[in-house]
Amino acid sequence: MSEEPKLNLNTRKDLGYRVVAGLISGLSSILFRPEVTGAQNIPLTGPVLIAPIHRSNVDFAFTLFISPRKVFFMAKVSVFRVPLLGPLLLHLGAFPVKRGSADRESMSLAEEVLRLGHALVLFPEGTRKEGLSVAPLHDGAMFVAARTGALVVPVGIGGSDRAMPKGAKLPRPAKIKIVVGEPISPPTSDGRIPRSAITAKSEELREALERVYRSSLED
């Protein structure tokens, strides 16, 4: 039997967080000149699942600064063993998941973060994709939302594929526009939530995510 995943969260915006976040924010301002619209759509309290488009490895960095809340995200456990990088990620709100671990273990950790009332970044497309269109999503994000009562907020990030395209080792200067959509309520039911209701909400999220992504690409 596999061990239960253990959650290790640094919930404080301590000195380490402020220093690292300040460095990333400053560097982002120079390289990407990020423009954010709709930030008020992220609730300041309660469980929130932040669901960004995923076109680049730098996408997670932009989600750190769209809300005054501290947001949490998953990272491969191996990166926490890298000197300096591991502690920095922990300060920023990362928590480890095992590479190749079962999806249910990752989802269990995600649910625990949300049940504690935090904001969690979860890319509903899973891996990085390409193009303007958002393909049908897996039901994972809405499944977690249904089990925790979390609101789901779609986020479009325009320009990140130019800032760090697939295969690039380092980011390059590019204008980034971030559009935060209105929260989507989780699927609910008096009893067991049917899979069809979760799938319908996943489609609602897909459509909202495509809208905010296209909006983030407009001049």
# chains A, B, ... in the order shown; residues from 1 in each chain; ligands from 1
$ residues_around --residues "Ser215 in chain A" --least-positions-apart "3" --cutoff "9 Å" --atoms "only C-alpha atoms" --output "JSON list (two decimals) with N, CA and C atoms, in the first residue's frame"
[["chain", "number", "residue", "atom", "x", "y", "z"],
["A", 156, "GLY", "N", -6.43, 33.78, -18.31],
["A", 156, "GLY", "CA", -5.73, 33.79, -19.58],
["A", 156, "GLY", "C", -4.39, 34.51, -19.45],
["A", 158, "GLY", "N", -1.58, 35.85, -21.93],
["A", 158, "GLY", "CA", -1.18, 36.07, -23.32],
["A", 158, "GLY", "C", 0.27, 36.49, -23.43],
["A", 177, "LYS", "N", 0.08, 39.84, -21.01],
["A", 177, "LYS", "CA", -1.23, 40.35, -20.57],
["A", 177, "LYS", "C", -1.97, 39.22, -19.88],
["A", 178, "ILE", "N", -2.48, 39.50, -18.69],
["A", 178, "ILE", "CA", -3.18, 38.49, -17.89],
["A", 178, "ILE", "C", -4.62, 38.94, -17.70],
["A", 179, "VAL", "N", -5.56, 38.07, -18.04],
["A", 179, "VAL", "CA", -6.98, 38.37, -17.89],
["A", 179, "VAL", "C", -7.59, 37.33, -16.96],
["A", 210, "GLU", "N", -11.02, 29.64, -22.68],
["A", 210, "GLU", "CA", -10.73, 30.06, -24.04],
["A", 210, "GLU", "C", -11.05, 31.54, -24.24],
["A", 211, "ARG", "N", -12.14, 32.01, -23.62],
["A", 211, "ARG", "CA", -12.50, 33.43, -23.75],
["A", 211, "ARG", "C", -11.44, 34.33, -23.14],
["A", 212, "VAL", "N", -11.01, 34.00, -21.91],
["A", 212, "VAL", "CA", -10.03, 34.88, -21.26],
["A", 212, "VAL", "C", -8.67, 34.79, -21.95],
["A", 218, "GLU", "N", -5.48, 40.11, -27.13],
["A", 218, "GLU", "CA", -5.89, 41.31, -27.84],
["A", 218, "GLU", "C", -5.02, 42.49, -27.47],
["A", 219, "ASP", "N", -4.82, 43.38, -28.41],
["A", 219, "ASP", "CA", -4.00, 44.59, -28.15],
["A", 219, "ASP", "C", -4.79, 45.58, -27.31]]
$ select_by_dssp --residues "chain A" --states "alpha helix (DSSP H)" --output "mmCIF file with N, CA and C atoms, in the first residue's frame"
data_model
loop_
_atom_site.group_PDB
_atom_site.id
_atom_site.type_symbol
_atom_site.label_atom_id
_atom_site.label_comp_id
_atom_site.auth_asym_id
_atom_site.auth_seq_id
_atom_site.Cartn_x
_atom_site.Cartn_y
_atom_site.Cartn_z
ATOM 1 N N LEU A 15 9.749 36.654 5.483
ATOM 2 C CA LEU A 15 10.823 37.410 4.830
ATOM 3 C C LEU A 15 11.286 36.714 3.566
ATOM 4 N N GLY A 16 11.399 35.381 3.633
ATOM 5 C CA GLY A 16 11.832 34.637 2.459
ATOM 6 C C GLY A 16 10.881 34.829 1.295
ATOM 7 N N TYR A 17 9.584 34.787 1.582
ATOM 8 C CA TYR A 17 8.582 34.988 0.529
ATOM 9 C C TYR A 17 8.710 36.388 -0.059
ATOM 10 N N ARG A 18 8.802 37.388 0.801
ATOM 11 C CA ARG A 18 8.839 38.764 0.323
ATOM 12 C C ARG A 18 10.072 39.030 -0.531
ATOM 13 N N VAL A 19 11.195 38.443 -0.133
ATOM 14 C CA VAL A 19 12.429 38.635 -0.904
ATOM 15 C C VAL A 19 12.312 37.961 -2.270
ATOM 16 N N VAL A 20 11.895 36.678 -2.273
ATOM 17 C CA VAL A 20 11.822 35.935 -3.535
ATOM 18 C C VAL A 20 10.745 36.515 -4.439
ATOM 19 N N ALA A 21 9.571 36.791 -3.864
ATOM 20 C CA ALA A 21 8.490 37.367 -4.662
ATOM 21 C C ALA A 21 8.885 38.727 -5.213
ATOM 22 N N GLY A 22 9.593 39.506 -4.410
ATOM 23 C CA GLY A 22 10.042 40.814 -4.867
ATOM 24 C C GLY A 22 11.018 40.707 -6.025
ATOM 25 N N LEU A 23 11.935 39.729 -5.952
ATOM 26 C CA LEU A 23 12.892 39.533 -7.040
ATOM 27 C C LEU A 23 12.187 39.110 -8.325
ATOM 28 N N ILE A 24 11.258 38.153 -8.206
ATOM 29 C CA ILE A 24 10.543 37.688 -9.392
ATOM 30 C C ILE A 24 9.656 38.788 -9.954
ATOM 31 N N SER A 25 9.008 39.526 -9.067
ATOM 32 C CA SER A 25 8.155 40.620 -9.508
ATOM 33 C C SER A 25 8.969 41.690 -10.228
ATOM 34 N N GLY A 26 10.116 42.031 -9.668
ATOM 35 C CA GLY A 26 10.966 43.040 -10.291
ATOM 36 C C GLY A 26 11.486 42.598 -11.649
ATOM 37 N N LEU A 27 11.940 41.333 -11.721
ATOM 38 C CA LEU A 27 12.441 40.804 -12.983
ATOM 39 C C LEU A 27 11.322 40.726 -14.019
ATOM 40 N N SER A 28 10.127 40.322 -13.561
ATOM 41 C CA SER A 28 8.979 40.228 -14.474
ATOM 42 C C SER A 28 8.605 41.602 -15.023
ATOM 43 N N SER A 29 8.675 42.600 -14.158
ATOM 44 C CA SER A 29 8.343 43.961 -14.607
ATOM 45 C C SER A 29 9.288 44.424 -15.710
ATOM 46 N N ILE A 30 10.570 44.052 -15.593
ATOM 47 C CA ILE A 30 11.559 44.460 -16.590
ATOM 48 C C ILE A 30 11.392 43.671 -17.890
ATOM 49 N N LEU A 31 11.241 42.357 -17.768
ATOM 50 C CA LEU A 31 11.209 41.496 -18.952
ATOM 51 C C LEU A 31 9.846 41.451 -19.635
ATOM 52 N N ASP A 59 4.365 30.212 -16.897
ATOM 53 C CA ASP A 59 2.988 30.587 -16.557
ATOM 54 C C ASP A 59 2.757 30.672 -15.049
ATOM 55 N N PHE A 60 3.333 29.737 -14.297
ATOM 56 C CA PHE A 60 3.080 29.715 -12.859
ATOM 57 C C PHE A 60 3.541 31.001 -12.190
ATOM 58 N N ALA A 61 4.625 31.591 -12.709
ATOM 59 C CA ALA A 61 5.173 32.797 -12.074
ATOM 60 C C ALA A 61 4.184 33.951 -12.119
ATOM 61 N N PHE A 62 3.418 34.051 -13.198
ATOM 62 C CA PHE A 62 2.474 35.159 -13.321
ATOM 63 C C PHE A 62 1.268 34.976 -12.402
ATOM 64 N N THR A 63 0.925 33.742 -12.091
ATOM 65 C CA THR A 63 -0.217 33.523 -11.196
ATOM 66 C C THR A 63 0.105 33.894 -9.753
ATOM 67 N N LEU A 85 17.106 26.353 -4.659
ATOM 68 C CA LEU A 85 15.827 26.365 -5.366
ATOM 69 C C LEU A 85 14.704 25.780 -4.522
ATOM 70 N N GLY A 86 14.967 24.645 -3.874
ATOM 71 C CA GLY A 86 13.933 24.001 -3.066
ATOM 72 C C GLY A 86 13.363 24.913 -1.986
ATOM 73 N N PRO A 87 14.217 25.484 -1.129
ATOM 74 C CA PRO A 87 13.709 26.396 -0.100
ATOM 75 C C PRO A 87 12.996 27.613 -0.676
ATOM 76 N N LEU A 88 13.478 28.112 -1.818
ATOM 77 C CA LEU A 88 12.828 29.271 -2.434
ATOM 78 C C LEU A 88 11.408 28.916 -2.879
ATOM 79 N N LEU A 89 11.248 27.759 -3.490
ATOM 80 C CA LEU A 89 9.927 27.334 -3.937
ATOM 81 C C LEU A 89 8.982 27.138 -2.757
ATOM 82 N N LEU A 90 9.502 26.585 -1.684
ATOM 83 C CA LEU A 90 8.675 26.379 -0.493
ATOM 84 C C LEU A 90 8.185 27.718 0.042
ATOM 85 N N HIS A 91 9.047 28.710 0.062
ATOM 86 C CA HIS A 91 8.645 30.052 0.502
ATOM 87 C C HIS A 91 7.567 30.633 -0.409
ATOM 88 N N LEU A 92 7.657 30.335 -1.712
ATOM 89 C CA LEU A 92 6.718 30.905 -2.676
ATOM 90 C C LEU A 92 5.342 30.250 -2.630
ATOM 91 N N ASP A 103 -2.449 10.076 -10.112
ATOM 92 C CA ASP A 103 -3.213 11.320 -10.123
ATOM 93 C C ASP A 103 -3.992 11.487 -8.830
ATOM 94 N N ARG A 104 -4.479 10.388 -8.271
ATOM 95 C CA ARG A 104 -5.294 10.488 -7.052
ATOM 96 C C ARG A 104 -4.484 11.055 -5.892
ATOM 97 N N GLU A 105 -3.170 10.807 -5.860
ATOM 98 C CA GLU A 105 -2.341 11.359 -4.795
ATOM 99 C C GLU A 105 -2.197 12.867 -4.963
ATOM 100 N N SER A 106 -1.968 13.303 -6.187
ATOM 101 C CA SER A 106 -1.866 14.738 -6.445
ATOM 102 C C SER A 106 -3.185 15.432 -6.133
ATOM 103 N N MET A 107 -4.290 14.803 -6.535
ATOM 104 C CA MET A 107 -5.599 15.384 -6.274
ATOM 105 C C MET A 107 -5.901 15.415 -4.778
ATOM 106 N N SER A 108 -5.406 14.407 -4.051
ATOM 107 C CA SER A 108 -5.608 14.391 -2.606
ATOM 108 C C SER A 108 -4.927 15.578 -1.947
ATOM 109 N N LEU A 109 -3.711 15.894 -2.407
ATOM 110 C CA LEU A 109 -3.002 17.058 -1.877
ATOM 111 C C LEU A 109 -3.719 18.349 -2.254
ATOM 112 N N ALA A 110 -4.203 18.415 -3.494
ATOM 113 C CA ALA A 110 -4.930 19.607 -3.937
ATOM 114 C C ALA A 110 -6.170 19.815 -3.085
ATOM 115 N N GLU A 111 -6.891 18.753 -2.822
ATOM 116 C CA GLU A 111 -8.094 18.854 -2.002
ATOM 117 C C GLU A 111 -7.762 19.342 -0.595
ATOM 118 N N GLU A 112 -6.652 18.862 -0.052
ATOM 119 C CA GLU A 112 -6.293 19.263 1.310
ATOM 120 C C GLU A 112 -5.988 20.755 1.382
ATOM 121 N N VAL A 113 -5.270 21.282 0.366
ATOM 122 C CA VAL A 113 -4.979 22.716 0.325
ATOM 123 C C VAL A 113 -6.277 23.518 0.322
ATOM 124 N N LEU A 114 -7.223 23.101 -0.496
ATOM 125 C CA LEU A 114 -8.486 23.833 -0.621
ATOM 126 C C LEU A 114 -9.341 23.676 0.634
ATOM 127 N N ARG A 115 -9.346 22.515 1.233
ATOM 128 C CA ARG A 115 -10.132 22.326 2.463
ATOM 129 C C ARG A 115 -9.606 23.185 3.610
ATOM 130 N N GLY A 140 -10.513 16.673 -13.744
ATOM 131 C CA GLY A 140 -9.828 16.768 -12.464
ATOM 132 C C GLY A 140 -10.096 18.045 -11.694
ATOM 133 N N ALA A 141 -10.002 19.197 -12.361
ATOM 134 C CA ALA A 141 -10.181 20.476 -11.663
ATOM 135 C C ALA A 141 -11.584 20.586 -11.077
ATOM 136 N N MET A 142 -12.590 20.283 -11.867
ATOM 137 C CA MET A 142 -13.957 20.394 -11.371
ATOM 138 C C MET A 142 -14.302 19.292 -10.374
ATOM 139 N N PHE A 143 -13.644 18.158 -10.486
ATOM 140 C CA PHE A 143 -13.834 17.094 -9.496
ATOM 141 C C PHE A 143 -13.340 17.566 -8.127
ATOM 142 N N VAL A 144 -12.157 18.173 -8.109
ATOM 143 C CA VAL A 144 -11.609 18.710 -6.855
ATOM 144 C C VAL A 144 -12.497 19.831 -6.330
ATOM 145 N N ALA A 145 -12.967 20.702 -7.225
ATOM 146 C CA ALA A 145 -13.846 21.795 -6.807
ATOM 147 C C ALA A 145 -15.134 21.254 -6.190
ATOM 148 N N ALA A 146 -15.689 20.204 -6.788
ATOM 149 C CA ALA A 146 -16.925 19.615 -6.282
ATOM 150 C C ALA A 146 -16.724 19.037 -4.881
ATOM 151 N N ARG A 147 -15.575 18.440 -4.641
ATOM 152 C CA ARG A 147 -15.314 17.800 -3.345
ATOM 153 C C ARG A 147 -14.969 18.808 -2.248
ATOM 154 N N THR A 148 -14.545 20.017 -2.633
ATOM 155 C CA THR A 148 -14.098 20.995 -1.636
ATOM 156 C C THR A 148 -14.968 22.243 -1.569
ATOM 157 N N SER A 160 3.019 34.411 -22.985
ATOM 158 C CA SER A 160 4.009 33.595 -22.279
ATOM 159 C C SER A 160 4.689 32.596 -23.210
ATOM 160 N N ASP A 161 3.986 32.199 -24.285
ATOM 161 C CA ASP A 161 4.609 31.284 -25.245
ATOM 162 C C ASP A 161 5.727 31.966 -26.019
ATOM 163 N N ARG A 162 5.675 33.298 -26.119
ATOM 164 C CA ARG A 162 6.790 34.035 -26.721
ATOM 165 C C ARG A 162 7.898 34.280 -25.706
ATOM 166 N N ALA A 163 7.491 34.467 -24.447
ATOM 167 C CA ALA A 163 8.477 34.727 -23.393
ATOM 168 C C ALA A 163 9.368 33.522 -23.134
ATOM 169 N N ARG A 195 -21.342 12.273 -12.534
ATOM 170 C CA ARG A 195 -20.204 12.582 -13.409
ATOM 171 C C ARG A 195 -20.611 13.548 -14.515
ATOM 172 N N SER A 196 -21.860 13.429 -14.974
ATOM 173 C CA SER A 196 -22.327 14.309 -16.039
ATOM 174 C C SER A 196 -22.312 15.773 -15.606
ATOM 175 N N ALA A 197 -22.609 16.032 -14.320
ATOM 176 C CA ALA A 197 -22.595 17.410 -13.816
ATOM 177 C C ALA A 197 -21.163 17.947 -13.775
ATOM 178 N N ILE A 198 -20.214 17.106 -13.398
ATOM 179 C CA ILE A 198 -18.811 17.527 -13.366
ATOM 180 C C ILE A 198 -18.306 17.797 -14.780
ATOM 181 N N THR A 199 -18.689 16.918 -15.711
ATOM 182 C CA THR A 199 -18.269 17.095 -17.096
ATOM 183 C C THR A 199 -18.855 18.381 -17.680
ATOM 184 N N ALA A 200 -20.108 18.678 -17.340
ATOM 185 C CA ALA A 200 -20.738 19.907 -17.833
ATOM 186 C C ALA A 200 -20.007 21.132 -17.296
ATOM 187 N N LYS A 201 -19.610 21.098 -16.033
ATOM 188 C CA LYS A 201 -18.864 22.218 -15.455
ATOM 189 C C LYS A 201 -17.464 22.324 -16.067
ATOM 190 N N SER A 202 -16.875 21.199 -16.410
ATOM 191 C CA SER A 202 -15.568 21.224 -17.073
ATOM 192 C C SER A 202 -15.670 21.910 -18.423
ATOM 193 N N GLU A 203 -16.775 21.681 -19.125
ATOM 194 C CA GLU A 203 -16.984 22.341 -20.407
ATOM 195 C C GLU A 203 -17.213 23.839 -20.204
ATOM 196 N N GLU A 204 -17.927 24.205 -19.142
ATOM 197 C CA GLU A 204 -18.108 25.623 -18.824
ATOM 198 C C GLU A 204 -16.759 26.285 -18.554
ATOM 199 N N LEU A 205 -15.888 25.591 -17.840
ATOM 200 C CA LEU A 205 -14.552 26.104 -17.573
ATOM 201 C C LEU A 205 -13.749 26.208 -18.866
ATOM 202 N N ARG A 206 -13.857 25.214 -19.728
ATOM 203 C CA ARG A 206 -13.112 25.240 -20.993
ATOM 204 C C ARG A 206 -13.499 26.473 -21.818
ATOM 205 N N GLU A 207 -14.785 26.723 -21.918
ATOM 206 C CA GLU A 207 -15.255 27.872 -22.692
ATOM 207 C C GLU A 207 -14.789 29.187 -22.068
ATOM 208 N N ALA A 208 -14.849 29.269 -20.742
ATOM 209 C CA ALA A 208 -14.404 30.491 -20.055
ATOM 210 C C ALA A 208 -12.901 30.687 -20.218
ATOM 211 N N LEU A 209 -12.157 29.605 -20.141
ATOM 212 C CA LEU A 209 -10.701 29.684 -20.271
ATOM 213 C C LEU A 209 -10.316 30.135 -21.676
ATOM 214 N N GLU A 210 -11.017 29.640 -22.676
ATOM 215 C CA GLU A 210 -10.725 30.057 -24.044
ATOM 216 C C GLU A 210 -11.053 31.543 -24.237
ATOM 217 N N ARG A 211 -12.143 32.008 -23.620
ATOM 218 C CA ARG A 211 -12.502 33.426 -23.747
ATOM 219 C C ARG A 211 -11.439 34.331 -23.139
ATOM 220 N N VAL A 212 -11.008 34.004 -21.909
ATOM 221 C CA VAL A 212 -10.027 34.885 -21.263
ATOM 222 C C VAL A 212 -8.671 34.791 -21.949
ATOM 223 N N TYR A 213 -8.357 33.630 -22.507
ATOM 224 C CA TYR A 213 -7.073 33.509 -23.219
ATOM 225 C C TYR A 213 -7.095 34.358 -24.487
ATOM 226 N N ARG A 214 -8.167 34.270 -25.242
ATOM 227 C CA ARG A 214 -8.265 35.087 -26.462
ATOM 228 C C ARG A 214 -8.258 36.579 -26.113
ATOM 229 N N SER A 215 -8.911 36.926 -25.001
ATOM 230 C CA SER A 215 -8.921 38.318 -24.568
ATOM 231 C C SER A 215 -7.525 38.787 -24.190
ATOM 232 N N SER A 216 -6.738 37.885 -23.602
ATOM 233 C CA SER A 216 -5.378 38.255 -23.189
ATOM 234 C C SER A 216 -4.448 38.459 -24.379
#
$ closest_residue --among "A:Ala174, A:Leu44, A:Val155, A:Val77" --to "Glu125 in chain A" --atoms "only C-alpha atoms"
A:Val155
$ residues_around --residues "Ala39 in chain A" --least-positions-apart "3" --cutoff "7 Å" --atoms "only C-alpha atoms" --output "ChimeraX atom specification"
/A:36,42,66-67,180
$ atom_distance --atom1 "CA of Gly149 in chain A" --atom2 "CA of Thr188 in chain A"
8.2 Å
$ closest_residue --among "A:Pro34, A:Ser56, A:Thr45, A:Phe73" --to "Asn8 in chain A" --atoms "only C-alpha atoms"
A:Phe73
$ atom_distance --atom1 "CA of Phe32 in chain A" --atom2 "CA of Leu9 in chain A"
28.7 Å
$ atom_distance --atom1 "CA of Arg12 in chain A" --atom2 "CA of Phe95 in chain A"
13.7 Å
$ select_by_dssp --residues "range 58-187 of chain A" --states "strand (DSSP E)" --output "ChimeraX atom specification"
/A:71-76,94-97,119-121,151-158,177-180
$ closest_residue --among "A:Val58, A:Pro68, A:Ile50, A:Leu7" --to "Leu170 in chain A" --atoms "only C-alpha atoms"
A:Val58
$ closest_residue --among "A:Arg33, A:Pro124, A:Ala75, A:Pro194" --to "Pro173 in chain A" --atoms "only C-alpha atoms"
A:Arg33
